[in-house]
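Structure file protein.txt (compact mmCIF, C-alpha atoms and all ligand atoms) follows.
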# COMPACT_ATOMS: atom_id res chain seq x y z
CA MET A 1 55.06 -1.87 12.37
CA SER A 2 53.18 -1.48 9.09
CA LYS A 3 49.74 0.09 9.06
CA THR A 4 46.75 -1.44 7.26
CA LEU A 5 43.56 0.09 5.92
CA VAL A 6 40.60 -2.06 4.91
CA ILE A 7 38.43 -0.42 2.25
CA TYR A 8 35.22 -2.39 1.87
CA TYR A 9 31.79 -2.45 0.32
CA SER A 10 29.07 -4.68 1.74
CA ARG A 11 25.33 -4.79 1.16
CA THR A 12 22.55 -5.64 3.60
CA GLY A 13 19.22 -6.99 2.36
CA GLU A 14 18.37 -10.06 0.32
CA ASN A 15 21.18 -12.26 -0.84
CA TYR A 16 21.73 -15.74 -2.17
CA VAL A 17 22.94 -17.99 0.66
CA ASN A 18 23.61 -21.67 0.00
CA GLY A 19 21.02 -21.81 -2.76
CA ARG A 20 18.30 -19.85 -0.91
CA ILE A 21 17.40 -16.18 -0.73
CA GLN A 22 17.89 -14.78 2.79
CA SER A 23 17.77 -11.27 4.19
CA LEU A 24 21.04 -10.23 5.81
CA SER A 25 21.01 -7.54 8.51
CA LYS A 26 24.79 -7.30 8.27
CA GLY A 27 26.66 -7.94 5.03
CA ASN A 28 29.10 -10.84 4.69
CA THR A 29 32.00 -8.64 3.62
CA GLU A 30 31.47 -6.32 6.57
CA ILE A 31 31.84 -9.29 8.94
CA VAL A 32 35.10 -10.31 7.24
CA ALA A 33 36.41 -6.72 7.12
CA GLU A 34 35.89 -6.41 10.87
CA TYR A 35 37.72 -9.69 11.51
CA ILE A 36 40.70 -8.37 9.51
CA ALA A 37 40.66 -5.09 11.44
CA GLU A 38 40.60 -6.92 14.77
CA ALA A 39 43.39 -9.31 13.72
CA VAL A 40 45.96 -6.68 12.70
CA ASP A 41 44.59 -3.51 14.30
CA ALA A 42 43.65 -2.06 10.90
CA ASP A 43 41.47 0.95 10.14
CA LEU A 44 38.19 0.47 8.26
CA PHE A 45 36.63 2.55 5.51
CA GLN A 46 33.17 1.61 4.26
CA ILE A 47 32.13 2.51 0.73
CA GLU A 48 28.45 3.51 0.63
CA THR A 49 26.51 4.60 -2.42
CA VAL A 50 24.25 7.66 -2.40
CA LYS A 51 21.59 5.63 -4.23
CA PRO A 52 21.17 2.30 -2.46
CA TYR A 53 21.00 -0.87 -4.51
CA ALA A 54 17.68 -2.75 -4.41
CA GLU A 55 16.89 -4.82 -1.30
CA ASP A 56 15.43 -7.42 -3.63
CA TYR A 57 18.13 -9.87 -4.72
CA THR A 58 17.06 -10.30 -8.33
CA ARG A 59 16.58 -6.56 -8.85
CA CYS A 60 20.00 -5.94 -7.36
CA THR A 61 21.65 -8.43 -9.72
CA GLU A 62 20.02 -6.60 -12.64
CA GLU A 63 21.19 -3.20 -11.37
CA ALA A 64 24.73 -4.52 -10.91
CA GLN A 65 24.79 -6.10 -14.36
CA GLU A 66 23.67 -2.85 -15.95
CA GLU A 67 26.34 -0.90 -14.04
CA LEU A 68 29.01 -3.26 -15.31
CA ARG A 69 27.67 -3.02 -18.86
CA VAL A 70 28.03 0.78 -18.89
CA ASN A 71 31.11 0.75 -16.61
CA ALA A 72 29.26 3.01 -14.16
CA ARG A 73 30.85 4.94 -11.32
CA PRO A 74 28.05 5.30 -8.74
CA GLU A 75 28.27 8.34 -6.50
CA LEU A 76 29.49 7.65 -2.94
CA LYS A 77 28.27 9.18 0.34
CA GLN A 78 31.85 9.95 1.28
CA MET A 79 35.15 9.47 -0.44
CA LEU A 80 38.51 8.78 1.03
CA SER A 81 40.88 11.36 -0.43
CA SER A 82 44.19 9.85 0.63
CA ILE A 83 45.77 6.61 1.80
CA GLU A 84 48.98 8.30 2.90
CA GLY A 85 50.31 6.72 6.07
CA TYR A 86 49.15 3.21 5.19
CA ASP A 87 51.48 0.49 3.91
CA ASN A 88 48.83 -2.15 3.19
CA ILE A 89 45.43 -1.58 1.64
CA VAL A 90 42.94 -4.44 1.73
CA VAL A 91 40.12 -4.04 -0.78
CA ALA A 92 37.21 -6.20 0.35
CA GLY A 93 33.92 -6.68 -1.44
CA PRO A 94 31.31 -9.13 -2.59
CA CYS A 95 31.73 -10.87 -5.91
CA TRP A 96 29.18 -9.26 -8.21
CA TRP A 97 29.14 -10.84 -11.64
CA GLY A 98 32.74 -11.93 -11.26
CA THR A 99 34.29 -8.73 -9.93
CA TYR A 100 33.82 -5.97 -7.34
CA PRO A 101 30.72 -3.75 -7.39
CA CYS A 102 31.37 -0.65 -9.55
CA ALA A 103 31.13 1.51 -6.40
CA VAL A 104 34.50 0.09 -5.34
CA PHE A 105 36.04 1.38 -8.57
CA THR A 106 34.58 4.87 -7.91
CA GLN A 107 36.72 5.00 -4.77
CA LEU A 108 39.85 3.25 -6.05
CA GLU A 109 40.19 5.63 -9.01
CA GLN A 110 40.53 8.59 -6.62
CA LEU A 111 43.57 7.24 -4.73
CA ASP A 112 47.31 7.20 -5.34
CA PHE A 113 48.53 3.62 -4.93
CA VAL A 114 52.17 4.12 -5.88
CA GLY A 115 54.38 2.10 -3.53
CA LYS A 116 51.46 0.48 -1.66
CA HIS A 117 50.73 -3.19 -1.10
CA VAL A 118 47.15 -4.07 -1.99
CA PHE A 119 45.32 -7.27 -1.10
CA PRO A 120 42.07 -8.50 -2.67
CA VAL A 121 39.44 -9.99 -0.36
CA MET A 122 36.25 -11.30 -1.89
CA THR A 123 33.16 -12.88 -0.39
CA HIS A 124 31.19 -15.00 -2.81
CA GLU A 125 28.70 -17.82 -3.35
CA GLY A 126 30.96 -20.00 -5.47
CA SER A 127 33.17 -17.81 -7.65
CA GLY A 128 36.06 -17.57 -5.17
CA MET A 129 38.53 -14.76 -5.89
CA ALA A 130 36.98 -14.35 -9.38
CA GLY A 131 38.43 -11.20 -11.04
CA SER A 132 39.41 -9.42 -7.81
CA ALA A 133 43.20 -9.54 -8.23
CA ARG A 134 42.90 -8.56 -11.89
CA ALA A 135 40.72 -5.59 -10.91
CA LEU A 136 43.25 -4.38 -8.34
CA LYS A 137 46.06 -4.61 -10.92
CA LYS A 138 43.98 -2.38 -13.16
CA TYR A 139 42.58 0.12 -10.65
CA CYS A 140 45.56 0.43 -8.27
CA PRO A 141 48.40 1.41 -10.63
CA GLY A 142 51.81 1.43 -9.00
CA ALA A 143 50.80 -0.98 -6.23
CA GLU A 144 52.01 -4.51 -5.67
CA VAL A 145 49.11 -6.96 -5.49
CA GLY A 146 49.65 -9.48 -2.68
CA THR A 147 48.04 -12.80 -1.78
CA GLY A 148 44.29 -12.44 -1.45
CA LEU A 149 41.57 -14.22 0.44
CA ALA A 150 38.25 -15.65 -0.72
CA VAL A 151 35.53 -16.32 1.86
CA HIS A 152 32.32 -18.17 1.09
CA GLY A 153 29.68 -15.61 2.06
CA ALA A 154 27.50 -18.15 3.85
CA ASP A 155 30.48 -19.01 6.08
CA ALA A 156 31.48 -15.40 6.82
CA LYS A 157 30.48 -15.54 10.49
CA ASN A 158 32.52 -18.71 11.01
CA SER A 159 35.56 -17.48 9.12
CA ARG A 160 37.25 -15.60 11.96
CA HIS A 161 40.08 -18.10 12.37
CA ALA A 162 40.85 -18.39 8.63
CA VAL A 163 40.66 -14.61 8.21
CA GLU A 164 42.92 -13.98 11.18
CA THR A 165 45.49 -16.50 9.93
CA TRP A 166 45.51 -14.93 6.45
CA ALA A 167 45.74 -11.41 7.89
CA LYS A 168 48.62 -12.18 10.24
CA ASP A 169 50.52 -14.04 7.49
CA ASN A 170 50.13 -11.37 4.84
CA LEU A 171 49.57 -7.93 6.35
CA LYS A 172 53.04 -7.46 7.73
C1 LIG B 1 24.40 -8.32 -7.56
C2 LIG B 1 24.99 -9.61 -7.07
C3 LIG B 1 25.80 -10.36 -7.91
C4 LIG B 1 26.42 -11.52 -7.44
N1 LIG B 1 27.25 -12.23 -8.28
C5 LIG B 1 27.93 -13.30 -7.80
C6 LIG B 1 28.87 -14.01 -8.63
O1 LIG B 1 29.09 -13.67 -9.80
N2 LIG B 1 29.53 -15.05 -8.07
C7 LIG B 1 29.34 -15.45 -6.79
O2 LIG B 1 29.98 -16.40 -6.34
N3 LIG B 1 28.46 -14.78 -5.96
C8 LIG B 1 27.75 -13.74 -6.44
N4 LIG B 1 26.88 -13.06 -5.61
C9 LIG B 1 26.79 -13.44 -4.19
C10 LIG B 1 27.64 -12.52 -3.31
O3 LIG B 1 28.95 -12.36 -3.84
C11 LIG B 1 27.80 -13.06 -1.88
O4 LIG B 1 26.56 -13.33 -1.33
C12 LIG B 1 28.57 -12.07 -1.00
O5 LIG B 1 29.05 -12.73 0.15
C13 LIG B 1 27.72 -10.87 -0.57
O6 LIG B 1 28.51 -10.02 0.24
P1 LIG B 1 27.90 -8.81 1.05
O7 LIG B 1 26.88 -9.40 2.01
O8 LIG B 1 29.06 -8.25 1.79
O9 LIG B 1 27.30 -7.85 0.10
C14 LIG B 1 26.22 -11.94 -6.09
C15 LIG B 1 25.35 -11.20 -5.26
C16 LIG B 1 24.74 -10.05 -5.74
C17 LIG B 1 23.83 -9.26 -4.83
Could you render the structure from this file as structure tokens?
Amino acid sequence: MSKTLVIYYSRTGENYVNGRIQSLSKGNTEIVAEYIAEAVDADLFQIETVKPYAEDYTRCTEEAQEELRVNARPELKQMLSSIEGYDNIVVAGPCWWGTYPCAVFTQLEQLDFVGKHVFPVMTHEGSGMAGSARALKKYCPGAEVGTGLAVHGADAKNSRHAVETWAKDNLK
């Protein structure tokens, strides 16, 4: 049986949910990442930045925009040094300005993806998959990019069935 690793970034604090700012005690992507892990018995690796992004939603969008502008690579609390032993790597994150947070790229650039299957998973407030598959093609050289999954962030808690179906169909 193939083995799956879910690498994810998810932020707690204020976020935009169905047109309103709400404070989330658990991030949307974390909820989805855990559903994937439960569905196919995958391992989880959480990307965490040394310097946290602002709790305040608007400030955080500004920080993220600036990071994208300078193509930043924020420092991570811990880095995964190898994905040896895994066949499938799911890269899950929130859509930030149309792609993953730069912290995800900090981690992806350290790994050898040759021969792996990678799958984009994105939670969002309207942008769907946005640039997630394109980003994985760029940052996971040598990997095959499989069918991804977009989850509306506000529906993350209720997405278990859809996530499980996608995971069982694709992470074989
Ligand atoms: C900095 C920032 C930028 C965002 N940019 C977008 C965007 O471009 N498109 C979109 O649909 N949602 C955007 N969102 C909403 C998030 O993608 C959405 O709330 C996501 O589910 C948050 O996941 P998390 O709780 O795991 O961090 C943005 C949120 C933040 C904080």
Next item on the list: Find, counting only C-alpha atoms, the residue in A:Leu108, A:Met79, A:Ala150, A:Leu171 that gets nearest to Gly131 of chain A.
Entry: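 Looking at the shortest contact to Gly131 of chain A, the residue is A:Ala150.
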Next item on the list: Kindly provide, as an MDAnalysis selection string, the polymer residues lying within 8 Å of (21.6, -6.3, 7.3), counting all atoms listed in the file and using the coordinates exactly as they appear in the file.
Entry: chainID A and resid 11:13 23:27
Next item on the list: Please extract the residues at most 8 Å from ligand LIG 1 (chain B), counting all atoms listed in the file, and provide them as number ranges by chain, using the chain letters and residue numbers of this document.
Entry: A: 9-12, 14-17, 24, 26-31, 57-58, 60-65, 93-99, 101, 122-128, 130, 151-154, 156
Check: How would you write as a ChimeraX atom specification the residues that get within 12 Å of (31.8, 2.6, 3.9) in the file's frame, counting all atoms listed in the file?
Finding: /A:6-11,27,29-30,33,43-50,76-80,91-93,103-104,107
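Picture a line from atom CA of Glu38 of chain A to atom CA of Met129 of chain A; it runs 22.2 Å.
The interatomic distance for the pair atom CA of Ile36 of chain A and atom CA of Phe119 of chain A works out to 11.6 Å.
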Check: Near Lys168 of chain A, counting all atoms listed in the file, which residues have an atom at most 8 Å away, once you skip same-chain residues fewer than 4 positions from it, shown as a VMD selection string?
Finding: chain A and resid 39 to 40 164 172
Selected segment 34-128 of chain A, written as a PDB file, in the first residue's frame, C-alpha atoms:
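To be explicit, this is the file written out as part10.pdb:
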ATOM      1  CA  GLU A  34      -6.633  15.997   9.508  1.00  0.00           C
ATOM      2  CA  TYR A  35      -9.578  14.659   7.493  1.00  0.00           C
ATOM      3  CA  ILE A  36      -7.144  13.527   4.766  1.00  0.00           C
ATOM      4  CA  ALA A  37      -4.890  11.861   7.341  1.00  0.00           C
ATOM      5  CA  GLU A  38      -7.818  10.014   8.884  1.00  0.00           C
ATOM      6  CA  ALA A  39      -9.160   8.913   5.476  1.00  0.00           C
ATOM      7  CA  VAL A  40      -5.961   7.286   4.178  1.00  0.00           C
ATOM      8  CA  ASP A  41      -3.895   6.857   7.342  1.00  0.00           C
ATOM      9  CA  ALA A  42      -1.442   9.550   6.243  1.00  0.00           C
ATOM     10  CA  ASP A  43       1.243  11.275   8.302  1.00  0.00           C
ATOM     11  CA  LEU A  44       0.988  15.016   8.960  1.00  0.00           C
ATOM     12  CA  PHE A  45       3.683  17.682   8.934  1.00  0.00           C
ATOM     13  CA  GLN A  46       2.743  21.224   9.958  1.00  0.00           C
ATOM     14  CA  ILE A  47       4.729  24.158   8.617  1.00  0.00           C
ATOM     15  CA  GLU A  48       5.096  26.850  11.294  1.00  0.00           C
ATOM     16  CA  THR A  49       6.927  30.133  10.925  1.00  0.00           C
ATOM     17  CA  VAL A  50       9.355  31.408  13.567  1.00  0.00           C
ATOM     18  CA  LYS A  51       7.766  34.860  13.265  1.00  0.00           C
ATOM     19  CA  PRO A  52       3.998  34.488  13.421  1.00  0.00           C
ATOM     20  CA  TYR A  53       1.854  36.367  10.944  1.00  0.00           C
ATOM     21  CA  ALA A  54      -0.426  39.058  12.409  1.00  0.00           C
ATOM     22  CA  GLU A  55      -3.618  37.926  14.174  1.00  0.00           C
ATOM     23  CA  ASP A  56      -5.340  40.878  12.561  1.00  0.00           C
ATOM     24  CA  TYR A  57      -6.732  39.877   9.163  1.00  0.00           C
ATOM     25  CA  THR A  58      -5.936  43.069   7.282  1.00  0.00           C
ATOM     26  CA  ARG A  59      -2.400  43.260   8.687  1.00  0.00           C
ATOM     27  CA  CYS A  60      -1.852  39.643   7.725  1.00  0.00           C
ATOM     28  CA  THR A  61      -2.970  40.261   4.142  1.00  0.00           C
ATOM     29  CA  GLU A  62      -0.457  43.120   3.957  1.00  0.00           C
ATOM     30  CA  GLU A  63       2.348  40.962   5.360  1.00  0.00           C
ATOM     31  CA  ALA A  64       1.528  38.182   2.898  1.00  0.00           C
ATOM     32  CA  GLN A  65       1.407  40.577  -0.040  1.00  0.00           C
ATOM     33  CA  GLU A  66       4.791  42.005   0.871  1.00  0.00           C
ATOM     34  CA  GLU A  67       6.271  38.505   1.188  1.00  0.00           C
ATOM     35  CA  LEU A  68       5.024  37.631  -2.278  1.00  0.00           C
ATOM     36  CA  ARG A  69       6.378  40.896  -3.684  1.00  0.00           C
ATOM     37  CA  VAL A  70       9.905  40.130  -2.461  1.00  0.00           C
ATOM     38  CA  ASN A  71       9.509  36.345  -2.935  1.00  0.00           C
ATOM     39  CA  ALA A  72      10.355  35.847   0.752  1.00  0.00           C
ATOM     40  CA  ARG A  73      11.300  32.561   2.367  1.00  0.00           C
ATOM     41  CA  PRO A  74      10.197  32.960   6.015  1.00  0.00           C
ATOM     42  CA  GLU A  75      12.164  30.931   8.537  1.00  0.00           C
ATOM     43  CA  LEU A  76      10.388  27.820   9.858  1.00  0.00           C
ATOM     44  CA  LYS A  77      10.342  26.415  13.409  1.00  0.00           C
ATOM     45  CA  GLN A  78      11.267  23.009  12.039  1.00  0.00           C
ATOM     46  CA  MET A  79      12.004  21.703   8.602  1.00  0.00           C
ATOM     47  CA  LEU A  80      11.358  18.316   7.166  1.00  0.00           C
ATOM     48  CA  SER A  81      14.641  17.129   5.679  1.00  0.00           C
ATOM     49  CA  SER A  82      13.391  14.152   3.683  1.00  0.00           C
ATOM     50  CA  ILE A  83      10.239  12.654   2.195  1.00  0.00           C
ATOM     51  CA  GLU A  84      11.876   9.303   1.527  1.00  0.00           C
ATOM     52  CA  GLY A  85       9.452   6.474   2.173  1.00  0.00           C
ATOM     53  CA  TYR A  86       6.405   8.387   0.970  1.00  0.00           C
ATOM     54  CA  ASP A  87       4.772   7.827  -2.422  1.00  0.00           C
ATOM     55  CA  ASN A  88       2.211  10.641  -2.225  1.00  0.00           C
ATOM     56  CA  ILE A  89       2.773  14.117  -0.862  1.00  0.00           C
ATOM     57  CA  VAL A  90      -0.263  16.323  -0.313  1.00  0.00           C
ATOM     58  CA  VAL A  91       0.603  20.007  -0.026  1.00  0.00           C
ATOM     59  CA  ALA A  92      -2.261  21.764   1.750  1.00  0.00           C
ATOM     60  CA  GLY A  93      -2.543  25.455   2.479  1.00  0.00           C
ATOM     61  CA  PRO A  94      -4.767  28.495   2.437  1.00  0.00           C
ATOM     62  CA  CYS A  95      -5.032  30.555  -0.717  1.00  0.00           C
ATOM     63  CA  TRP A  96      -3.098  33.742   0.014  1.00  0.00           C
ATOM     64  CA  TRP A  97      -3.245  36.192  -2.858  1.00  0.00           C
ATOM     65  CA  GLY A  98      -3.818  33.388  -5.327  1.00  0.00           C
ATOM     66  CA  THR A  99      -1.154  30.930  -4.191  1.00  0.00           C
ATOM     67  CA  TYR A 100       0.309  29.237  -1.105  1.00  0.00           C
ATOM     68  CA  PRO A 101       1.866  31.307   1.702  1.00  0.00           C
ATOM     69  CA  CYS A 102       5.606  31.788   1.053  1.00  0.00           C
ATOM     70  CA  ALA A 103       6.356  29.650   4.135  1.00  0.00           C
ATOM     71  CA  VAL A 104       5.194  26.625   2.134  1.00  0.00           C
ATOM     72  CA  PHE A 105       7.837  27.364  -0.494  1.00  0.00           C
ATOM     73  CA  THR A 106      10.539  27.565   2.223  1.00  0.00           C
ATOM     74  CA  GLN A 107       9.807  23.919   2.992  1.00  0.00           C
ATOM     75  CA  LEU A 108       9.197  22.624  -0.540  1.00  0.00           C
ATOM     76  CA  GLU A 109      12.538  23.953  -1.796  1.00  0.00           C
ATOM     77  CA  GLN A 110      14.392  21.751   0.716  1.00  0.00           C
ATOM     78  CA  LEU A 111      12.930  18.438  -0.495  1.00  0.00           C
ATOM     79  CA  ASP A 112      13.724  16.024  -3.303  1.00  0.00           C
ATOM     80  CA  PHE A 113      10.494  15.327  -5.197  1.00  0.00           C
ATOM     81  CA  VAL A 114      11.895  13.134  -7.961  1.00  0.00           C
ATOM     82  CA  GLY A 115       9.512  10.221  -8.598  1.00  0.00           C
ATOM     83  CA  LYS A 116       6.867  11.434  -6.116  1.00  0.00           C
ATOM     84  CA  HIS A 117       3.188  12.114  -6.694  1.00  0.00           C
ATOM     85  CA  VAL A 118       2.155  15.506  -5.341  1.00  0.00           C
ATOM     86  CA  PHE A 119      -1.392  16.745  -4.815  1.00  0.00           C
ATOM     87  CA  PRO A 120      -2.447  20.368  -4.251  1.00  0.00           C
ATOM     88  CA  VAL A 121      -5.092  21.057  -1.620  1.00  0.00           C
ATOM     89  CA  MET A 122      -6.217  24.624  -1.099  1.00  0.00           C
ATOM     90  CA  THR A 123      -8.716  26.190   1.267  1.00  0.00           C
ATOM     91  CA  HIS A 124     -10.052  29.526   0.094  1.00  0.00           C
ATOM     92  CA  GLU A 125     -12.819  32.124   0.238  1.00  0.00           C
ATOM     93  CA  GLY A 126     -13.645  32.088  -3.457  1.00  0.00           C
ATOM     94  CA  SER A 127     -10.469  31.536  -5.474  1.00  0.00           C
ATOM     95  CA  GLY A 128     -10.732  27.726  -5.580  1.00  0.00           C
TER      96      GLY A 128
END
